[in-house]
Structure formats: C-alpha cells, structure tokens
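Engineer: Dropping in input-v6.pdb, with PDB, C-alpha atoms and all ligand atoms.
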```pdb
ATOM      1  CA  MET A   1      20.115  -5.280   4.913
ATOM      2  CA  ASN A   2      17.224  -6.095   2.592
ATOM      3  CA  LEU A   3      16.809  -6.025  -1.134
ATOM      4  CA  ILE A   4      13.493  -5.293  -2.835
ATOM      5  CA  LEU A   5      12.708  -6.158  -6.440
ATOM      6  CA  VAL A   6      10.134  -4.046  -8.273
ATOM      7  CA  GLY A   7       8.999  -4.127 -11.882
ATOM      8  CA  PHE A   8       6.141  -4.871 -14.218
ATOM      9  CA  MET A   9       4.230  -8.172 -14.196
ATOM     10  CA  ALA A  10       6.256 -11.062 -15.636
ATOM     11  CA  SER A  11       9.569  -9.252 -15.388
ATOM     12  CA  GLY A  12      11.159 -12.100 -13.395
ATOM     13  CA  LYS A  13      11.018 -10.673  -9.843
ATOM     14  CA  THR A  14      10.144 -13.986  -8.197
ATOM     15  CA  SER A  15      12.560 -16.247 -10.068
ATOM     16  CA  VAL A  16      15.409 -13.734  -9.779
ATOM     17  CA  GLY A  17      14.590 -13.022  -6.113
ATOM     18  CA  ARG A  18      14.720 -16.720  -5.198
ATOM     19  CA  ARG A  19      18.097 -17.076  -6.885
ATOM     20  CA  ILE A  20      19.553 -14.030  -5.126
ATOM     21  CA  GLY A  21      18.232 -15.369  -1.810
ATOM     22  CA  ARG A  22      19.939 -18.726  -2.363
ATOM     23  CA  ARG A  23      23.248 -17.119  -3.387
ATOM     24  CA  LEU A  24      23.394 -14.682  -0.483
ATOM     25  CA  GLY A  25      21.805 -16.988   2.088
ATOM     26  CA  PHE A  26      18.969 -14.498   2.603
ATOM     27  CA  ARG A  27      15.339 -15.397   3.158
ATOM     28  CA  PHE A  28      12.914 -14.751   0.328
ATOM     29  CA  MET A  29       9.387 -13.343   0.413
ATOM     30  CA  ASP A  30       7.037 -12.770  -2.489
ATOM     31  CA  THR A  31       4.503 -10.192  -1.291
ATOM     32  CA  ASP A  32       1.755 -11.506  -3.633
ATOM     33  CA  GLN A  33       2.222 -15.085  -2.434
ATOM     34  CA  PHE A  34       2.263 -13.912   1.174
ATOM     35  CA  ILE A  35      -1.018 -12.021   0.711
ATOM     36  CA  GLU A  36      -2.586 -15.017  -1.049
ATOM     37  CA  SER A  37      -1.632 -17.445   1.690
ATOM     38  CA  GLU A  38      -2.704 -15.090   4.452
ATOM     39  CA  GLN A  39      -6.047 -14.375   2.786
ATOM     40  CA  GLY A  40      -6.460 -18.043   1.858
ATOM     41  CA  THR A  41      -7.333 -17.174  -1.732
ATOM     42  CA  THR A  42      -5.891 -15.997  -5.040
ATOM     43  CA  ILE A  43      -5.168 -12.421  -6.099
ATOM     44  CA  SER A  44      -7.780 -12.779  -8.850
ATOM     45  CA  GLU A  45     -10.409 -13.628  -6.249
ATOM     46  CA  ILE A  46      -9.303 -10.774  -4.014
ATOM     47  CA  PHE A  47      -9.854  -8.436  -6.986
ATOM     48  CA  ASP A  48     -13.199 -10.105  -7.823
ATOM     49  CA  ILE A  49     -14.650 -10.247  -4.345
ATOM     50  CA  GLY A  50     -13.013  -7.126  -2.906
ATOM     51  CA  SER A  51     -11.621  -4.734  -5.473
ATOM     52  CA  GLU A  52      -8.265  -3.464  -6.687
ATOM     53  CA  GLU A  53      -8.450  -0.853  -3.930
ATOM     54  CA  TYR A  54      -8.891  -3.556  -1.302
ATOM     55  CA  PHE A  55      -5.818  -5.403  -2.637
ATOM     56  CA  ARG A  56      -3.758  -2.169  -2.639
ATOM     57  CA  GLY A  57      -4.740  -1.709   1.013
ATOM     58  CA  LEU A  58      -3.422  -5.201   1.806
ATOM     59  CA  GLU A  59      -0.129  -4.295   0.098
ATOM     60  CA  VAL A  60       0.191  -1.099   2.161
ATOM     61  CA  GLN A  61      -0.476  -2.973   5.424
ATOM     62  CA  LEU A  62       2.056  -5.659   4.507
ATOM     63  CA  LEU A  63       4.755  -3.070   3.749
ATOM     64  CA  LYS A  64       4.318  -1.670   7.247
ATOM     65  CA  ARG A  65       4.444  -5.095   8.863
ATOM     66  CA  ILE A  66       7.648  -6.202   7.112
ATOM     67  CA  GLN A  67       9.655  -3.115   8.134
ATOM     68  CA  PRO A  68      11.362  -4.899  11.083
ATOM     69  CA  LEU A  69      12.619  -7.778   8.899
ATOM     70  CA  ASP A  70      16.289  -8.024   7.984
ATOM     71  CA  ASN A  71      18.338 -10.073   5.497
ATOM     72  CA  TYR A  72      15.402 -10.639   3.176
ATOM     73  CA  ILE A  73      14.923 -10.494  -0.555
ATOM     74  CA  PHE A  74      11.422  -9.254  -1.371
ATOM     75  CA  ALA A  75       9.680  -9.687  -4.720
ATOM     76  CA  THR A  76       6.763  -7.252  -4.969
ATOM     77  CA  GLY A  77       3.625  -7.097  -7.115
ATOM     78  CA  GLY A  78       3.950  -5.042 -10.296
ATOM     79  CA  GLY A  79       1.494  -2.412  -9.081
ATOM     80  CA  ILE A  80       2.987  -1.823  -5.649
ATOM     81  CA  LEU A  81       4.285   1.635  -6.587
ATOM     82  CA  ALA A  82       0.860   2.771  -7.809
ATOM     83  CA  THR A  83       0.081   3.664  -4.195
ATOM     84  CA  ASP A  84       1.576   6.946  -2.997
ATOM     85  CA  GLY A  85       4.078   6.498  -0.213
ATOM     86  CA  ASN A  86       4.980   2.896  -1.022
ATOM     87  CA  MET A  87       8.336   3.751  -2.620
ATOM     88  CA  ALA A  88       9.309   5.649   0.532
ATOM     89  CA  GLN A  89       8.360   2.595   2.639
ATOM     90  CA  LEU A  90      10.372   0.310   0.363
ATOM     91  CA  LYS A  91      13.445   2.550   0.599
ATOM     92  CA  LEU A  92      13.213   2.484   4.385
ATOM     93  CA  LEU A  93      13.190  -1.295   4.149
ATOM     94  CA  GLY A  94      16.281  -1.629   1.949
ATOM     95  CA  THR A  95      17.804  -1.159  -1.494
ATOM     96  CA  VAL A  96      15.154  -1.040  -4.235
ATOM     97  CA  VAL A  97      16.012  -2.681  -7.568
ATOM     98  CA  PHE A  98      13.928  -2.229 -10.714
ATOM     99  CA  LEU A  99      14.003  -5.184 -13.118
ATOM    100  CA  ASN A 100      13.410  -3.422 -16.420
ATOM    101  CA  ALA A 101      12.104  -6.021 -18.867
ATOM    102  CA  ASP A 102      11.495  -5.214 -22.539
ATOM    103  CA  ILE A 103       7.875  -4.762 -23.534
ATOM    104  CA  GLU A 104       7.850  -7.466 -26.219
ATOM    105  CA  GLY A 105       9.153 -10.030 -23.725
ATOM    106  CA  ILE A 106       6.518  -8.953 -21.197
ATOM    107  CA  ILE A 107       3.744  -9.245 -23.792
ATOM    108  CA  GLN A 108       4.931 -12.688 -24.872
ATOM    109  CA  ARG A 109       5.010 -14.000 -21.305
ATOM    110  CA  LEU A 110       1.649 -12.516 -20.342
ATOM    111  CA  GLU A 111      -0.336 -13.157 -23.506
ATOM    112  CA  ASN A 112      -2.058 -16.327 -22.312
ATOM    113  CA  ASP A 113      -2.053 -15.542 -18.625
ATOM    114  CA  SER A 114      -5.354 -15.674 -16.784
ATOM    115  CA  ARG A 115      -3.994 -15.027 -13.276
ATOM    116  CA  ARG A 116      -3.406 -11.289 -13.636
ATOM    117  CA  PRO A 117      -6.640  -9.353 -13.098
ATOM    118  CA  MET A 118      -5.086  -6.080 -14.292
ATOM    119  CA  LEU A 119      -4.790  -7.451 -17.816
ATOM    120  CA  GLN A 120      -8.040  -9.306 -18.358
ATOM    121  CA  GLY A 121     -10.333  -8.080 -21.111
ATOM    122  CA  GLU A 122      -9.836  -6.694 -24.574
ATOM    123  CA  ASN A 123      -6.983  -4.764 -26.172
ATOM    124  CA  PHE A 124      -4.309  -6.665 -24.285
ATOM    125  CA  ARG A 125      -1.324  -5.078 -26.057
ATOM    126  CA  GLU A 126      -2.667  -1.542 -25.553
ATOM    127  CA  ARG A 127      -3.358  -2.229 -21.895
ATOM    128  CA  VAL A 128       0.170  -3.473 -21.255
ATOM    129  CA  THR A 129       1.669  -0.556 -23.174
ATOM    130  CA  GLU A 130      -0.438   2.025 -21.362
ATOM    131  CA  LEU A 131       0.044   0.543 -17.889
ATOM    132  CA  LEU A 132       3.802   0.163 -18.355
ATOM    133  CA  ALA A 133       4.137   3.770 -19.564
ATOM    134  CA  ARG A 134       2.074   5.021 -16.624
ATOM    135  CA  ARG A 135       4.161   3.071 -14.111
ATOM    136  CA  MET A 136       7.605   3.686 -15.577
ATOM    137  CA  PRO A 137       8.330   6.989 -13.740
ATOM    138  CA  GLY A 138       7.638   5.235 -10.429
ATOM    139  CA  TYR A 139       9.864   2.253 -11.232
ATOM    140  CA  LEU A 140      12.663   4.610 -12.285
ATOM    141  CA  GLU A 141      12.812   6.085  -8.778
ATOM    142  CA  SER A 142      14.453   2.815  -7.686
ATOM    143  CA  ASP A 143      18.007   2.843  -6.337
ATOM    144  CA  VAL A 144      19.277   0.478  -9.032
ATOM    145  CA  VAL A 145      17.899  -0.247 -12.526
ATOM    146  CA  ILE A 146      18.752  -3.535 -14.279
ATOM    147  CA  ASP A 147      17.839  -4.155 -17.925
ATOM    148  CA  THR A 148      16.861  -7.801 -18.190
ATOM    149  CA  ALA A 149      16.248  -8.295 -21.941
ATOM    150  CA  GLY A 150      18.097 -11.318 -23.317
ATOM    151  CA  LYS A 151      19.445 -12.340 -19.894
ATOM    152  CA  THR A 152      18.720 -15.533 -17.948
ATOM    153  CA  PRO A 153      17.375 -15.294 -14.374
ATOM    154  CA  ASN A 154      20.808 -16.434 -13.135
ATOM    155  CA  GLN A 155      22.570 -13.684 -15.076
ATOM    156  CA  VAL A 156      20.132 -11.081 -13.786
ATOM    157  CA  ALA A 157      20.597 -12.354 -10.210
ATOM    158  CA  GLY A 158      24.384 -12.012 -10.573
ATOM    159  CA  GLU A 159      24.057  -8.502 -11.984
ATOM    160  CA  VAL A 160      21.734  -7.431  -9.167
ATOM    161  CA  ILE A 161      24.185  -8.636  -6.516
ATOM    162  CA  HIS A 162      27.066  -6.847  -8.231
ATOM    163  CA  ARG A 163      25.225  -3.557  -8.834
ATOM    164  CA  VAL A 164      23.664  -3.436  -5.372
ATOM    165  CA  GLY A 165      27.151  -3.894  -3.914
ATOM    166  CA  ASP A 166      28.369  -0.888  -5.975
ATOM    167  CA  PHE A 167      25.334   1.162  -4.954
ATOM    168  CA  ARG A 168      25.801   0.442  -1.270
ATOM    169  CA  ARG A 169      29.525   1.249  -1.409
ATOM    170  CA  LEU A 170      28.707   4.583  -3.062
ATOM    171  CA  VAL A 171      26.122   5.408  -0.414
ATOM    172  CA  ALA A 172      28.593   4.481   2.344
ATOM    173  CA  GLN A 173      31.297   6.661   0.748
ATOM    174  CA  SER A 174      29.027   9.670   0.400
ATOM    175  CA  THR A 175      27.879   9.265   4.005
ATOM    176  CA  ASP A 176      31.529   9.058   5.128
ATOM    177  CA  SER A 177      32.494  12.146   3.149
ATOM    178  CA  GLN A 178      29.540  14.052   4.575
ATOM    179  CA  ILE A 179      30.664  13.135   8.072
ATOM    180  CA  LEU A 180      34.238  14.185   7.232
ATOM    181  CA  THR A 181      33.149  17.522   5.799
ATOM    182  CA  GLN A 182      30.818  18.395   8.668
ATOM    183  CA  PRO A 183      32.220  21.459  10.465
ATOM    184  CA  ASN A 184      33.616  20.600  13.852
ATOM    185  CA  THR A 185      31.284  22.392  16.228
ATOM    186  CA  GLU A 186      33.062  21.497  19.435
TER     187      GLU A 186
HETATM  188  C1  LIG B 201      -0.322  -6.501 -10.314
HETATM  189  C2  LIG B 201       0.716  -7.387 -10.410
HETATM  190  C3  LIG B 201       0.678  -8.739  -9.818
HETATM  191  C4  LIG B 201      -0.268  -8.769  -8.618
HETATM  192  C5  LIG B 201      -1.601  -8.226  -9.002
HETATM  193  C6  LIG B 201      -1.553  -6.798  -9.504
HETATM  194  C7  LIG B 201      -0.220  -5.191 -10.985
HETATM  195  O1  LIG B 201       1.983  -9.127  -9.414
HETATM  196  O2  LIG B 201       0.267  -8.020  -7.562
HETATM  197  O3  LIG B 201      -2.135  -9.092  -9.980
HETATM  198  O4  LIG B 201      -1.044  -4.298 -10.712
HETATM  199  O5  LIG B 201       0.715  -5.026 -11.803
HETATM  200  P1  LIG B 201       3.148  -9.616 -10.445
HETATM  201  O6  LIG B 201       3.910  -8.385 -10.822
HETATM  202  O7  LIG B 201       3.966 -10.531  -9.620
HETATM  203  O8  LIG B 201       2.491 -10.262 -11.581
END
```
Would you write the structure of this file as structure tokens?

Structural biologist:
Amino acid sequence: MNLILVGFMASGKTSVGRRIGRRLGFRFMDTDQFIESEQGTTISEIFDIGSEEYFRGLEVQLLKRIQPLDNYIFATGGGILATDGNMAQLKLLGTVVFLNADIEGIIQRLENDSRRPMLQGENFRERVTELLARRMPGYLESDVVIDTAGKTPNQVAGEVIHRVGDFRRLVAQSTDSQILTQPNTE
C-alpha cells in the first residue's frame, strides 16, 4: 500500500511525508526532487528552459512509472492535480491525502521564496489566493483531508497515519459488505 500527499506549495508535504515514512518504515519519494535529480537541474530551470507544460508532462510520465511501486510515501508537487487524469492515476497508486494548510500560513512561508516559478512576479498575495481557489476542488477529491493549521509536522504525520487507517478500514468494510450482499448466482 502507498500513501500520496497532495496540497498547495509550502503545505508541508515533504516534511510530513518523510516523518510518516520513518514511522511506518516505508520508503519516501518527493516527485519534484526526483524530477530535478533525473533532469539534472532545478524546477525553476525546467520552467525557464522548457515551460510549465513541459514540466507537467514530466509529472505525468513519472506518475505512470511509479505505478508498480509499493510501500511508499509520495510527496507531490502542488500543481500535480492541474493535469486531467492525474488524480485517477494517484488513486490507482494508493490512498490520496490532502494537506489543507491555511492561506495565511502558506503566504507567510512563500513570501520570500524564489524557487517556485508559479509565484514569481507581481501581486503575490492575489496569485496565491487565485491559484489556491482554482486548485481547491481538485485537492478536495482526495480520499482523506487533513487541516494542518497550528499543527507541527509530527502532529500532522500522526493524524495522517490515524485517518488513513480509518479510511482503509471503511473501504475494506464496504467491500466486504458488497461481497456479502452480492446475490448468489450459483
Ligand atoms: C508547483 C509546485 C511545486 C513544483 C513546481 C510547481 C505548483 O511543488 O512542483 O514549482 O504548480 O504548485 P511544491 O508544492 O512542492 O512547492
């Protein structure tokens, strides 16, 4: 079983993902870091030299390639759900968890960041607000939603483990009851 963390930039996916990996003894992969090391360059340069579209293509290819992996925690880039079909791929891979950070916390953490090409330029606050609003419906299709405001990465990691356990038990129960209520055709 795999667990996939989605959410806006600076919502703690990598630090929480690493902690969950350590606690459960799962391997950890950050899709952005994987793309950077494979391409031998930074995301900013990939956006500069290629384009956002080129980067989104790399994300799509990576999602296909990681499908056979098991017992992984994946932290994904904040825009991964902007591409149609990616949520379906993520759900095939495992349980998808949305880390829902509060907008003021996001703004504070990103204000002086120069590594995120999506947020360079003027009207920073408006850009974050608009992008977050546009992406929210996609994030909310996740299997589990965790509000992270005021919580430490360790607390969030603990909550994810707990809530994913509940989610998986519920899914198992509903699958069992479907099997039990299937008419016997023999
Ligand atoms: C992006 C988020 C980044 C990275 C890229 C694009 C986005 O990942 O994938 O800069 O479109 O939101 P983080 O969410 O890890 O910052």

Engineer: Given the file shown, enumerate the residues that the PyMOL selection byres (((chain A and resi 60) around 10) and not hetatm) captures and present them as a PDB file with C-alpha atoms, in the coordinates of the input.

Structural biologist:
```
ATOM      1  CA  PHE A  55      -5.818  -5.403  -2.637  1.00  0.00           C
ATOM      2  CA  ARG A  56      -3.758  -2.169  -2.639  1.00  0.00           C
ATOM      3  CA  GLY A  57      -4.740  -1.709   1.013  1.00  0.00           C
ATOM      4  CA  LEU A  58      -3.422  -5.201   1.806  1.00  0.00           C
ATOM      5  CA  GLU A  59      -0.129  -4.295   0.098  1.00  0.00           C
ATOM      6  CA  GLN A  61      -0.476  -2.973   5.424  1.00  0.00           C
ATOM      7  CA  LEU A  62       2.056  -5.659   4.507  1.00  0.00           C
ATOM      8  CA  LEU A  63       4.755  -3.070   3.749  1.00  0.00           C
ATOM      9  CA  LYS A  64       4.318  -1.670   7.247  1.00  0.00           C
ATOM     10  CA  ARG A  65       4.444  -5.095   8.863  1.00  0.00           C
ATOM     11  CA  ILE A  80       2.987  -1.823  -5.649  1.00  0.00           C
ATOM     12  CA  THR A  83       0.081   3.664  -4.195  1.00  0.00           C
ATOM     13  CA  ASP A  84       1.576   6.946  -2.997  1.00  0.00           C
ATOM     14  CA  GLY A  85       4.078   6.498  -0.213  1.00  0.00           C
ATOM     15  CA  ASN A  86       4.980   2.896  -1.022  1.00  0.00           C
ATOM     16  CA  GLN A  89       8.360   2.595   2.639  1.00  0.00           C
TER      17      GLN A  89
END
```

Engineer: Taking 2 positions as the minimum chain separation for residues in the same chain, which residues sit within 10 Å of Val164 in chain A when counting all atoms listed in the file? Answer as a PDB file with C-alpha atoms, keeping the file's coordinate frame.

Structural biologist:
```pdb
ATOM      1  CA  LEU A   3      16.809  -6.025  -1.134  1.00  0.00           C
ATOM      2  CA  THR A  95      17.804  -1.159  -1.494  1.00  0.00           C
ATOM      3  CA  VAL A  96      15.154  -1.040  -4.235  1.00  0.00           C
ATOM      4  CA  VAL A  97      16.012  -2.681  -7.568  1.00  0.00           C
ATOM      5  CA  ASP A 143      18.007   2.843  -6.337  1.00  0.00           C
ATOM      6  CA  VAL A 144      19.277   0.478  -9.032  1.00  0.00           C
ATOM      7  CA  VAL A 145      17.899  -0.247 -12.526  1.00  0.00           C
ATOM      8  CA  GLU A 159      24.057  -8.502 -11.984  1.00  0.00           C
ATOM      9  CA  VAL A 160      21.734  -7.431  -9.167  1.00  0.00           C
ATOM     10  CA  ILE A 161      24.185  -8.636  -6.516  1.00  0.00           C
ATOM     11  CA  HIS A 162      27.066  -6.847  -8.231  1.00  0.00           C
ATOM     12  CA  ASP A 166      28.369  -0.888  -5.975  1.00  0.00           C
ATOM     13  CA  PHE A 167      25.334   1.162  -4.954  1.00  0.00           C
ATOM     14  CA  ARG A 168      25.801   0.442  -1.270  1.00  0.00           C
ATOM     15  CA  ARG A 169      29.525   1.249  -1.409  1.00  0.00           C
ATOM     16  CA  LEU A 170      28.707   4.583  -3.062  1.00  0.00           C
TER      17      LEU A 170
END
```

Engineer: Starting from the PyMOL selection byres (((chain A and resi 33) around 10) and not hetatm), expand the selection into actual residues of this file and give them as number ranges by chain.

Structural biologist: A: 14, 29-32, 34-39, 41-43, 75-77

Engineer: To check your reading of the model: which residues sit at most 6 Å from ligand LIG 201 (chain B) when counting only C-alpha atoms and all ligand atoms? Write the answer as an mmCIF file with C-alpha atoms, in the frame of the given file.

Structural biologist:
```cif
data_model
loop_
_atom_site.group_PDB
_atom_site.id
_atom_site.type_symbol
_atom_site.label_atom_id
_atom_site.label_comp_id
_atom_site.auth_asym_id
_atom_site.auth_seq_id
_atom_site.Cartn_x
_atom_site.Cartn_y
_atom_site.Cartn_z
ATOM 1 C CA PHE A 8 6.141 -4.871 -14.218
ATOM 2 C CA MET A 9 4.230 -8.172 -14.196
ATOM 3 C CA ALA A 10 6.256 -11.062 -15.636
ATOM 4 C CA ASP A 32 1.755 -11.506 -3.633
ATOM 5 C CA ILE A 43 -5.168 -12.421 -6.099
ATOM 6 C CA GLY A 77 3.625 -7.097 -7.115
ATOM 7 C CA GLY A 78 3.950 -5.042 -10.296
ATOM 8 C CA GLY A 79 1.494 -2.412 -9.081
ATOM 9 C CA ARG A 116 -3.406 -11.289 -13.636
ATOM 10 C CA PRO A 117 -6.640 -9.353 -13.098
ATOM 11 C CA MET A 118 -5.086 -6.080 -14.292
#
```

Engineer: To one decimal place in Å, what is the distance between CA of Ile103 in chain A and CA of Ile46 in chain A?

Structural biologist: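 One can read the CA of Ile103 in chain A to CA of Ile46 in chain A distance as 26.7 Å.
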
Engineer: When distances are computed from only C-alpha atoms, which of A:Thr152, A:Ser15, A:Thr129, A:Thr181 shows the smallest separation from Phe74 in chain A?

Structural biologist: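 Of the candidates, the smallest distance to Phe74 in chain A is held by A:Ser15.
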
Engineer: Could you model all heavy atoms for range 30-41 of chain A and present them as a short mmCIF file (atom, residue, chain, number, x, y, z; two decimals), in the coordinates of the input?

Structural biologist:
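And here's part.cif as it stands now:
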```cif
data_model
loop_
_atom_site.label_atom_id
_atom_site.label_comp_id
_atom_site.auth_asym_id
_atom_site.auth_seq_id
_atom_site.Cartn_x
_atom_site.Cartn_y
_atom_site.Cartn_z
N ASP A 30 7.77 -13.34 -1.37
CA ASP A 30 7.04 -12.77 -2.49
C ASP A 30 5.77 -12.15 -1.88
O ASP A 30 4.97 -12.88 -1.28
CB ASP A 30 6.69 -13.90 -3.47
CG ASP A 30 5.90 -13.41 -4.66
OD1 ASP A 30 4.85 -12.76 -4.45
OD2 ASP A 30 6.32 -13.66 -5.79
N THR A 31 5.61 -10.85 -2.01
CA THR A 31 4.50 -10.19 -1.29
C THR A 31 3.13 -10.69 -1.80
O THR A 31 2.21 -10.85 -1.01
CB THR A 31 4.58 -8.65 -1.39
OG1 THR A 31 4.57 -8.26 -2.76
CG2 THR A 31 5.82 -8.10 -0.70
N ASP A 32 3.03 -10.98 -3.11
CA ASP A 32 1.76 -11.51 -3.63
C ASP A 32 1.44 -12.86 -3.01
O ASP A 32 0.32 -13.11 -2.58
CB ASP A 32 1.84 -11.71 -5.15
CG ASP A 32 1.72 -10.41 -5.92
OD1 ASP A 32 1.20 -9.43 -5.36
OD2 ASP A 32 2.15 -10.39 -7.08
N GLN A 33 2.46 -13.74 -2.99
CA GLN A 33 2.22 -15.08 -2.43
C GLN A 33 1.88 -15.00 -0.95
O GLN A 33 1.05 -15.75 -0.45
CB GLN A 33 3.46 -15.97 -2.64
CG GLN A 33 3.59 -16.43 -4.08
CD GLN A 33 4.93 -17.11 -4.38
OE1 GLN A 33 5.72 -17.37 -3.47
NE2 GLN A 33 5.19 -17.36 -5.65
N PHE A 34 2.53 -14.06 -0.25
CA PHE A 34 2.26 -13.91 1.17
C PHE A 34 0.80 -13.49 1.38
O PHE A 34 0.10 -14.02 2.22
CB PHE A 34 3.23 -12.88 1.78
CG PHE A 34 3.17 -12.84 3.27
CD1 PHE A 34 3.97 -13.67 4.04
CD2 PHE A 34 2.29 -11.99 3.93
CE1 PHE A 34 3.90 -13.66 5.43
CE2 PHE A 34 2.21 -11.97 5.31
CZ PHE A 34 3.02 -12.80 6.07
N ILE A 35 0.37 -12.50 0.59
CA ILE A 35 -1.02 -12.02 0.71
C ILE A 35 -2.00 -13.16 0.38
O ILE A 35 -2.97 -13.38 1.09
CB ILE A 35 -1.25 -10.79 -0.20
CG1 ILE A 35 -0.51 -9.58 0.38
CG2 ILE A 35 -2.74 -10.48 -0.36
CD1 ILE A 35 -0.52 -8.33 -0.50
N GLU A 36 -1.69 -13.91 -0.68
CA GLU A 36 -2.59 -15.02 -1.05
C GLU A 36 -2.68 -16.04 0.07
O GLU A 36 -3.77 -16.48 0.43
CB GLU A 36 -2.09 -15.71 -2.33
CG GLU A 36 -2.34 -14.89 -3.58
CD GLU A 36 -2.00 -15.63 -4.87
OE1 GLU A 36 -1.04 -16.43 -4.87
OE2 GLU A 36 -2.69 -15.37 -5.88
N SER A 37 -1.54 -16.39 0.67
CA SER A 37 -1.63 -17.44 1.69
C SER A 37 -2.30 -16.90 2.95
O SER A 37 -3.06 -17.61 3.60
CB SER A 37 -0.28 -18.10 1.97
OG SER A 37 0.52 -17.23 2.69
N GLU A 38 -2.06 -15.64 3.26
CA GLU A 38 -2.70 -15.09 4.45
C GLU A 38 -4.22 -14.94 4.26
O GLU A 38 -5.00 -15.18 5.19
CB GLU A 38 -2.09 -13.74 4.79
CG GLU A 38 -1.86 -13.63 6.27
CD GLU A 38 -1.20 -12.32 6.67
OE1 GLU A 38 -1.44 -11.28 6.04
OE2 GLU A 38 -0.46 -12.37 7.64
N GLN A 39 -4.61 -14.55 3.06
CA GLN A 39 -6.05 -14.38 2.79
C GLN A 39 -6.73 -15.70 2.44
O GLN A 39 -7.94 -15.77 2.33
CB GLN A 39 -6.25 -13.39 1.61
CG GLN A 39 -5.72 -11.99 1.87
CD GLN A 39 -6.56 -11.24 2.90
OE1 GLN A 39 -7.77 -11.21 2.83
NE2 GLN A 39 -5.90 -10.66 3.89
N GLY A 40 -5.91 -16.72 2.20
CA GLY A 40 -6.46 -18.04 1.86
C GLY A 40 -7.15 -18.06 0.51
O GLY A 40 -8.07 -18.84 0.29
N THR A 41 -6.71 -17.21 -0.40
CA THR A 41 -7.33 -17.17 -1.73
C THR A 41 -6.36 -16.57 -2.75
O THR A 41 -5.25 -16.19 -2.39
CB THR A 41 -8.66 -16.37 -1.66
OG1 THR A 41 -9.29 -16.44 -2.93
CG2 THR A 41 -8.44 -14.91 -1.32
#
```
